[in-house]
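S.K.: One file is attached below, coords-v4.txt, containing compact mmCIF, C-alpha atoms.
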# COMPACT_ATOMS: atom_id res chain seq x y z
CA MET J 1 118.52 53.13 7.86
CA ARG J 2 117.14 56.24 6.17
CA ILE J 3 119.60 58.62 4.50
CA PRO J 4 118.53 62.23 3.84
CA LEU J 5 118.98 62.78 0.11
CA PRO J 6 118.31 65.82 -2.05
CA ALA J 7 115.61 65.47 -4.68
CA GLY J 8 116.54 64.11 -8.09
CA LEU J 9 119.95 62.60 -7.39
CA ALA J 10 121.13 60.79 -10.52
CA THR J 11 122.86 57.41 -10.52
CA ALA J 12 123.09 54.12 -12.42
CA LEU J 13 121.54 50.83 -11.33
CA GLY J 14 122.17 47.39 -12.78
CA ALA J 15 125.12 46.45 -14.94
CA LEU J 16 127.74 49.10 -15.64
CA PRO J 17 129.79 49.33 -18.85
CA PRO J 18 132.46 46.61 -19.12
CA LEU J 19 135.36 48.89 -18.24
CA ALA J 20 138.17 48.76 -15.71
CA PRO J 21 137.01 49.93 -12.25
CA LEU J 22 139.12 53.08 -12.50
CA ASP J 23 137.51 53.95 -15.85
CA VAL J 24 134.03 53.27 -14.45
CA SER J 25 134.88 55.53 -11.51
CA LYS J 26 135.97 58.32 -13.86
CA LEU J 27 132.82 57.90 -15.97
CA LEU J 28 130.50 58.18 -12.97
CA ALA J 29 132.51 60.96 -11.35
CA GLY J 30 132.11 62.98 -14.53
CA THR J 31 128.41 62.33 -15.04
CA VAL J 32 126.66 61.42 -11.76
CA PRO J 33 129.16 62.58 -9.11
CA HIS J 34 126.59 63.11 -6.36
CA LEU J 35 125.58 59.43 -6.21
CA PRO J 36 128.17 57.19 -7.91
CA ALA J 37 127.54 53.45 -8.12
CA ALA J 38 129.95 50.54 -7.69
CA PRO J 39 129.82 47.55 -10.04
CA THR J 40 127.29 44.91 -8.98
CA VAL J 41 128.57 41.86 -7.14
CA VAL J 42 127.00 39.03 -9.14
CA ILE J 43 126.04 35.91 -7.19
CA SER J 44 125.54 32.59 -8.92
CA GLY J 45 124.44 29.63 -6.86
CA GLN J 46 124.84 29.32 -3.10
CA SER J 47 128.46 30.41 -2.84
CA ILE J 48 130.50 33.31 -4.11
CA ASP J 49 134.21 33.55 -4.77
CA ALA J 50 136.31 36.47 -3.60
CA GLY J 51 137.05 37.59 -7.15
CA ARG J 52 133.45 38.71 -7.63
CA PHE J 53 134.03 41.47 -5.05
CA GLU J 54 137.20 42.90 -6.59
CA PRO J 55 135.63 45.38 -9.05
CA ALA J 56 133.39 46.83 -6.35
CA ILE J 57 136.24 47.08 -3.86
CA GLU J 58 138.51 48.73 -6.44
CA PHE J 59 135.73 51.20 -7.08
CA LEU J 60 135.47 51.93 -3.35
CA GLU J 61 139.21 52.57 -3.30
CA CYS J 62 138.57 55.38 -5.77
CA LEU J 63 136.06 56.93 -3.35
CA ARG J 64 138.49 57.28 -0.41
CA GLY J 65 137.79 60.50 1.46
CA ARG J 66 134.18 60.73 0.28
CA VAL J 67 131.53 61.72 2.82
CA GLU J 68 128.52 61.86 0.49
CA PRO J 69 126.24 58.86 -0.24
CA PHE J 70 127.11 56.23 -2.84
CA VAL J 71 125.53 53.08 -4.26
CA MET J 72 126.56 49.44 -4.08
CA SER J 73 124.61 46.45 -5.34
CA VAL J 74 124.47 42.68 -5.17
CA THR J 75 122.32 40.03 -6.85
CA GLY J 76 119.06 39.75 -4.93
CA PRO J 77 117.78 36.71 -3.04
CA VAL J 78 114.80 35.89 -5.27
CA THR J 79 117.03 35.70 -8.35
CA VAL J 80 119.41 33.42 -6.44
CA GLU J 81 116.54 31.32 -5.08
CA LEU J 82 115.12 30.75 -8.56
CA GLU J 83 118.53 29.57 -9.78
CA LEU J 84 118.82 27.14 -6.89
CA LEU J 85 115.33 25.79 -7.55
CA ALA J 86 116.33 25.22 -11.16
CA GLN J 87 119.29 23.21 -9.88
CA GLY J 88 116.93 20.92 -7.98
CA PHE J 89 117.08 22.39 -4.47
CA ASP J 90 114.23 21.80 -2.06
CA PRO J 91 112.14 25.05 -1.89
CA ALA J 92 112.80 25.66 1.81
CA ALA J 93 116.51 24.97 1.40
CA ALA J 94 116.70 27.22 -1.67
CA ALA J 95 115.09 30.11 0.19
CA GLU J 96 117.36 29.74 3.22
CA ALA J 97 120.50 29.43 1.10
CA ALA J 98 119.55 32.47 -0.99
CA ILE J 99 119.01 34.61 2.09
CA ASN J 100 122.30 33.51 3.62
CA VAL J 101 124.49 34.02 0.57
CA VAL J 102 123.04 37.43 -0.33
CA THR J 103 123.12 38.66 3.25
CA GLY J 104 126.71 37.48 3.57
CA ALA J 105 127.70 39.26 0.36
CA GLY J 106 125.94 42.41 1.50
CA PHE J 107 127.77 42.45 4.83
CA ARG J 108 131.07 41.86 3.07
CA LEU J 109 130.47 44.91 0.86
CA LEU J 110 129.38 47.03 3.81
CA ASP J 111 132.46 45.99 5.78
CA ALA J 112 134.70 47.01 2.89
CA ALA J 113 132.86 50.32 2.61
CA SER J 114 133.22 51.01 6.32
CA GLN J 115 136.97 50.58 6.00
CA LEU J 116 137.53 52.45 2.73
CA VAL J 117 134.90 55.22 2.91
CA PRO J 118 133.91 55.34 6.58
CA GLY J 119 132.33 58.77 6.36
CA ALA J 120 130.02 58.04 3.42
CA PRO J 121 126.51 56.55 3.93
CA PRO J 122 125.84 53.58 1.60
CA LEU J 123 122.77 52.68 -0.41
CA LEU J 124 122.79 48.92 -1.00
CA PHE J 125 120.58 47.65 -3.83
CA LEU J 126 119.43 44.09 -4.34
CA GLU J 127 119.43 43.52 -8.11
CA GLU J 128 116.47 41.29 -8.94
CA PRO J 129 116.19 40.40 -12.65
CA GLY J 130 114.44 37.22 -11.52
CA LEU J 131 111.48 39.25 -10.24
CA VAL J 132 110.42 40.50 -13.66
CA ASN J 133 106.78 39.48 -14.24
CA SER J 134 106.45 38.25 -10.64
CA MET J 135 102.84 39.48 -10.61
CA HIS J 136 101.88 36.85 -13.22
CA PRO J 137 99.88 33.83 -11.96
CA THR J 138 102.44 31.43 -13.49
CA PHE J 139 105.38 32.90 -11.54
CA PRO J 140 107.05 30.00 -9.68
CA LEU J 141 107.10 31.71 -6.26
CA THR J 142 104.16 32.90 -4.19
CA SER J 143 103.80 36.48 -3.00
CA ALA J 144 104.29 35.28 0.58
CA ASN J 145 107.55 33.56 -0.37
CA ILE J 146 108.85 36.65 -2.15
CA GLU J 147 107.95 38.92 0.76
CA SER J 148 109.59 36.56 3.25
CA VAL J 149 112.82 36.00 1.32
CA VAL J 150 113.33 39.67 0.47
CA GLY J 151 112.29 40.88 3.91
CA ASN J 152 114.59 38.45 5.71
CA THR J 153 117.47 39.70 3.55
CA VAL J 154 116.68 43.39 3.93
CA ARG J 155 116.20 43.50 7.70
CA PRO J 156 119.71 42.55 8.90
CA LEU J 157 121.37 44.78 6.29
CA SER J 158 119.23 47.81 7.09
CA ASP J 159 121.17 48.64 10.25
CA ASP J 160 124.21 49.59 8.16
CA ALA J 161 122.76 50.77 4.84
CA MET J 162 119.70 52.19 3.17
CA VAL J 163 118.64 49.01 1.37
CA GLY J 164 116.86 49.15 -1.97
CA ILE J 165 115.57 46.69 -4.52
CA HIS J 166 115.82 47.14 -8.27
CA VAL J 167 113.77 45.34 -10.92
CA ASP J 168 114.15 46.43 -14.53
CA GLY J 169 110.66 45.31 -15.62
CA ARG J 170 107.14 44.85 -14.29
CA ALA J 171 106.84 43.18 -10.90
CA ASP J 172 104.49 42.73 -7.96
CA TRP J 173 105.28 46.16 -6.54
CA ALA J 174 102.80 45.95 -3.67
CA VAL J 175 104.65 42.94 -2.24
CA LEU J 176 108.10 44.53 -2.60
CA LEU J 177 106.97 47.74 -0.91
CA ARG J 178 106.11 45.71 2.19
CA THR J 179 109.57 44.17 2.62
CA GLY J 180 111.21 46.97 4.62
CA ILE J 181 113.22 48.47 1.75
CA GLY J 182 114.16 52.14 1.77
CA VAL J 183 114.33 52.55 -2.01
CA LEU J 184 112.37 50.99 -4.85
CA GLY J 185 114.06 51.05 -8.27
CA ALA J 186 111.85 50.53 -11.33
CA PRO J 187 111.41 51.74 -14.91
CA ILE J 188 108.71 54.38 -15.25
CA THR J 189 106.98 52.09 -17.76
CA ALA J 190 106.68 49.22 -15.26
CA GLY J 191 103.13 49.79 -14.02
CA LEU J 192 103.79 51.37 -10.64
CA GLU J 193 100.25 52.75 -10.80
CA SER J 194 99.04 49.25 -9.92
CA ALA J 195 100.41 49.71 -6.39
CA ALA J 196 99.40 53.34 -5.85
CA ALA J 197 98.11 52.87 -2.29
CA GLU J 198 101.21 50.97 -1.16
CA LEU J 199 103.49 53.44 -2.92
CA SER J 200 101.78 56.35 -1.17
CA ARG J 201 102.35 54.75 2.25
CA PHE J 202 105.96 53.98 1.30
CA LEU J 203 106.69 57.61 0.43
CA GLU J 204 104.91 58.89 3.53
CA SER J 205 107.14 56.65 5.66
CA GLY J 206 110.27 58.20 4.13
CA GLY J 207 110.94 55.77 1.28
CA PHE J 208 112.52 56.84 -2.01
CA VAL J 209 111.79 55.74 -5.57
CA ALA J 210 114.61 55.39 -8.09
CA TRP J 211 112.73 56.20 -11.28
CA GLY J 212 114.18 54.47 -14.34
CA ALA J 213 113.29 57.45 -16.51
CA VAL J 214 115.89 57.39 -19.31
CA ALA J 215 115.12 54.73 -21.89
CA VAL J 216 118.20 52.96 -23.26
CA ASP J 217 116.50 51.18 -26.18
CA GLU J 218 115.60 54.21 -28.31
CA PRO J 219 117.29 57.36 -29.65
CA LEU J 220 118.04 59.75 -26.80
CA GLY J 221 117.73 63.07 -28.58
CA THR J 222 119.77 66.12 -27.67
CA SER J 223 118.07 67.03 -24.38
CA SER J 224 116.06 65.52 -21.53
CA ASP J 225 112.79 67.08 -22.74
CA ARG J 226 111.16 63.81 -23.81
CA GLN J 227 112.21 62.00 -20.65
CA TRP J 228 110.97 64.91 -18.54
CA SER J 229 107.58 64.83 -20.23
CA ARG J 230 107.20 61.10 -19.60
CA LEU J 231 108.26 61.34 -15.97
CA THR J 232 106.01 64.28 -15.11
CA THR J 233 103.10 62.61 -16.88
CA LEU J 234 103.53 59.56 -14.66
CA TRP J 235 103.73 61.75 -11.56
CA THR J 236 100.54 63.52 -12.61
CA ASP J 237 98.79 60.16 -13.05
CA LEU J 238 99.99 59.00 -9.63
CA ALA J 239 98.87 62.26 -8.01
CA ARG J 240 95.40 61.66 -9.44
CA LEU J 241 95.48 58.30 -7.66
CA GLY J 242 96.13 60.02 -4.34
CA LEU J 243 99.92 60.28 -4.06
CA ASP J 244 101.47 63.47 -2.73
CA PRO J 245 102.95 65.30 -5.77
CA MET J 246 105.72 66.87 -3.68
CA LEU J 247 106.80 63.58 -2.11
CA LEU J 248 106.98 62.03 -5.58
CA ARG J 249 109.56 64.65 -6.49
CA GLU J 250 111.33 65.23 -3.19
CA GLN J 251 111.93 61.52 -2.52
CA SER J 252 113.16 60.65 -6.00
CA ILE J 253 116.34 59.30 -7.52
CA ILE J 254 116.75 59.34 -11.31
CA THR J 255 118.37 56.47 -13.22
CA PRO J 256 118.51 54.94 -16.69
CA ALA J 257 115.62 52.55 -17.31
CA ALA J 258 117.97 49.55 -17.48
CA GLY J 259 121.59 48.61 -16.89
CA LEU J 260 124.42 49.88 -19.06
CA GLY J 261 126.34 46.63 -19.41
CA ASN J 262 125.88 46.47 -23.18
CA PHE J 263 127.11 50.00 -23.87
CA GLY J 264 130.52 51.38 -24.61
CA LEU J 265 132.02 54.41 -22.92
CA SER J 266 130.66 57.12 -25.21
CA GLN J 267 127.12 55.69 -25.28
CA ALA J 268 127.02 55.20 -21.51
CA GLU J 269 128.34 58.71 -20.94
CA ARG J 270 125.56 60.18 -23.08
CA ILE J 271 122.87 58.20 -21.25
CA LEU J 272 124.22 59.26 -17.87
CA ARG J 273 124.47 62.91 -18.84
CA ILE J 274 120.80 62.87 -19.89
CA THR J 275 120.04 61.16 -16.56
CA ALA J 276 121.92 63.83 -14.62
CA ASP J 277 120.18 66.62 -16.54
CA LEU J 278 116.81 65.09 -15.74
CA GLY J 279 117.76 64.93 -12.06
CA ASP J 280 118.73 68.60 -12.13
CA ARG J 281 115.29 69.45 -13.54
CA VAL J 282 113.64 67.57 -10.68
CA LEU J 283 115.68 69.45 -8.08
CA THR J 284 114.97 72.79 -9.75
CA GLN J 285 111.24 72.09 -9.75
CA VAL J 286 111.29 71.10 -6.07
CA HIS J 287 113.18 74.26 -5.13
CA GLY J 288 110.72 76.34 -7.11
CA ALA J 289 107.75 74.70 -5.42
CA ARG J 290 109.26 75.27 -1.97
CA LEU J 291 109.81 78.94 -2.72
CA THR J 292 106.23 79.25 -3.92
CA VAL J 293 104.84 77.97 -0.62
CA GLY J 294 107.44 79.81 1.44
CA ALA J 295 109.32 76.72 2.59
Produce structure tokens that represent the structure in this file.
M.R.:
Amino acid sequence: MRIPLPAGLATALGALPPLAPLDVSKLLAGTVPHLPAAPTVVISGQSIDAGRFEPAIEFLECLRGRVEPFVMSVTGPVTVELELLAQGFDPAAAAEAAINVVTGAGFRLLDAASQLVPGAPPLLFLEEPGLVNSMHPTFPLTSANIESVVGNTVRPLSDDAMVGIHVDGRADWAVLLRTGIGVLGAPITAGLESAAAELSRFLESGGFVAWGAVAVDEPLGTSSDRQWSRLTTLWTDLARLGLDPMLLREQSIITPAAGLGNFGLSQAERILRITADLGDRVLTQVHGARLTVGA
């Protein structure tokens, strides 16, 4: 599934602040209302209890009547597979179990969404902390294994959602861009230049990038100027490598560089407001460029 999205939509990926679902809903409605995100359904092992879905479903309850896109997320299959391998599973069995449990969780979320917010198109992200540094030669899984496990999870879910993958560190981006995802989520410091050719093809085919452009491990400042400078510098570098500068902007989502699970309400609100401001700057620039060329 591909969902038409305006340039620069702001949202949050990864862990959300440890608040009640209603409070999380209010936080996101007040800061990133155009693309709110439900709490991640965390999977541990090869089974998942019903209680893990409750925060996300309570969040969806708060979205009743919505017709605009929204985000849901679930632990990704590579992260689950690595945990199963650590528990002593056979590699083939670990891969199969990971695909099954994540796909099942994804369908359960999508079913809940179809009942509670039937008019709103979902973006479903696979959260993959286990994929950090997957480009390193010592990573325990091969590129072929990663591509197979992620691809076999993405494909069945893609009929009902625009499926994305989110890694909050460096990864083997070229492999992930070949898995059939519709959105790639990554920090802007995570070396996306290393997969410039694959990223160009991904954008040309209609894919989006969720740019983790707002650092959460340094002082934010009072505006989005510093974040804007870093993001546009990266886009300039990618354009020099052959990427279309308009597609980089038009097919962009803006997020914090990492999850917000360690932040309180006031800190998270400030991060998200900077994120939303940065997204507004992207949309303004795209509109200006379109007017310049008469679009």
S.K.: For each of J:Asp49, J:Glu58, J:Asp159, J:Glu127, take the minimum atom-to-atom distance to Met1 of chain J, counting all atoms listed in the file, then give the residue where this is smallest.
M.R.: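 Closest candidate: J:Asp159.
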S.K.: Please tell me which residues are no farther than 8 Å from (114.1, 59.5, -16.0) in the file, counting only C-alpha atoms, and write them as number ranges by chain.
M.R.: J: 188, 211-215, 227-228, 230-231, 254-257, 275, 278-279
S.K.: Go ahead and find all residues with at least one atom no further than 10 Å from (108.6, 65.5, -4.9) in the file's coordinates, using only C-alpha atoms; report them as a PyMOL selection string.
M.R.: chain J and resi 7-8+203+208+235+244-252+282-283+285-287+289
S.K.: Would you mind exporting the chosen residues as a PDB file, in the coordinates of the input, restricted to C-alpha atoms?
M.R.:
ATOM      1  CA  ALA J   7     115.610  65.470  -4.680  1.00  0.00           C
ATOM      2  CA  GLY J   8     116.540  64.110  -8.090  1.00  0.00           C
ATOM      3  CA  LEU J 203     106.690  57.610   0.430  1.00  0.00           C
ATOM      4  CA  PHE J 208     112.520  56.840  -2.010  1.00  0.00           C
ATOM      5  CA  TRP J 235     103.730  61.750 -11.560  1.00  0.00           C
ATOM      6  CA  ASP J 244     101.470  63.470  -2.730  1.00  0.00           C
ATOM      7  CA  PRO J 245     102.950  65.300  -5.770  1.00  0.00           C
ATOM      8  CA  MET J 246     105.720  66.870  -3.680  1.00  0.00           C
ATOM      9  CA  LEU J 247     106.800  63.580  -2.110  1.00  0.00           C
ATOM     10  CA  LEU J 248     106.980  62.030  -5.580  1.00  0.00           C
ATOM     11  CA  ARG J 249     109.560  64.650  -6.490  1.00  0.00           C
ATOM     12  CA  GLU J 250     111.330  65.230  -3.190  1.00  0.00           C
ATOM     13  CA  GLN J 251     111.930  61.520  -2.520  1.00  0.00           C
ATOM     14  CA  SER J 252     113.160  60.650  -6.000  1.00  0.00           C
ATOM     15  CA  VAL J 282     113.640  67.570 -10.680  1.00  0.00           C
ATOM     16  CA  LEU J 283     115.680  69.450  -8.080  1.00  0.00           C
ATOM     17  CA  GLN J 285     111.240  72.090  -9.750  1.00  0.00           C
ATOM     18  CA  VAL J 286     111.290  71.100  -6.070  1.00  0.00           C
ATOM     19  CA  HIS J 287     113.180  74.260  -5.130  1.00  0.00           C
ATOM     20  CA  ALA J 289     107.750  74.700  -5.420  1.00  0.00           C
TER      21      ALA J 289
END
S.K.: If you measure from atom CA of Leu243 of chain J to atom CA of Ser224 of chain J, what distance in Å do you get, rounded to one decimal?
M.R.: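 One can read the atom CA of Leu243 of chain J to atom CA of Ser224 of chain J distance as 24.4 Å.
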S.K.: Counting only C-alpha atoms, which residues in segment 213-269 of chain J sit no more than 6 Å from segment 11-15 of chain J? For each one, give the nearest pair of atoms and the distance in Å, sorted by chain then residue number, as CSV.
M.R.:
residue,atom,partner,partner_atom,distance
J:Thr255,CA,J:Thr11,CA,5.3
J:Gly259,CA,J:Gly14,CA,4.3
J:Leu260,CA,J:Ala15,CA,5.4
J:Gly261,CA,J:Ala15,CA,4.6
S.K.: Find the residues around Leu265 of chain J up to 10 Å (all atoms listed in the file counted), leave out those fewer than 5 positions away in its own chain, and share them as a list in words.
M.R.: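 Once the adjacent positions are removed, what remains is Leu16, Pro17, Pro18, Leu19, Asp23, Val24, Leu27, Leu260 and Arg270 of chain J.
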S.K.: Residues within 10 Å of Arg64 of chain J, please, as a list in words. Count all atoms listed in the file; anything in the same chain fewer than 6 positions from it doesn't count.
M.R.: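 My reading of the contact set: Ala113, Gln115, Leu116, Val117, Pro118, Gly119 and Ala120 of chain J.
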S.K.: For Val216 of chain J, which residue out of J:Val154, J:Ala258, J:Ala86, J:Val67 is the nearest one, using all atoms listed in the file?
M.R.: J:Ala258
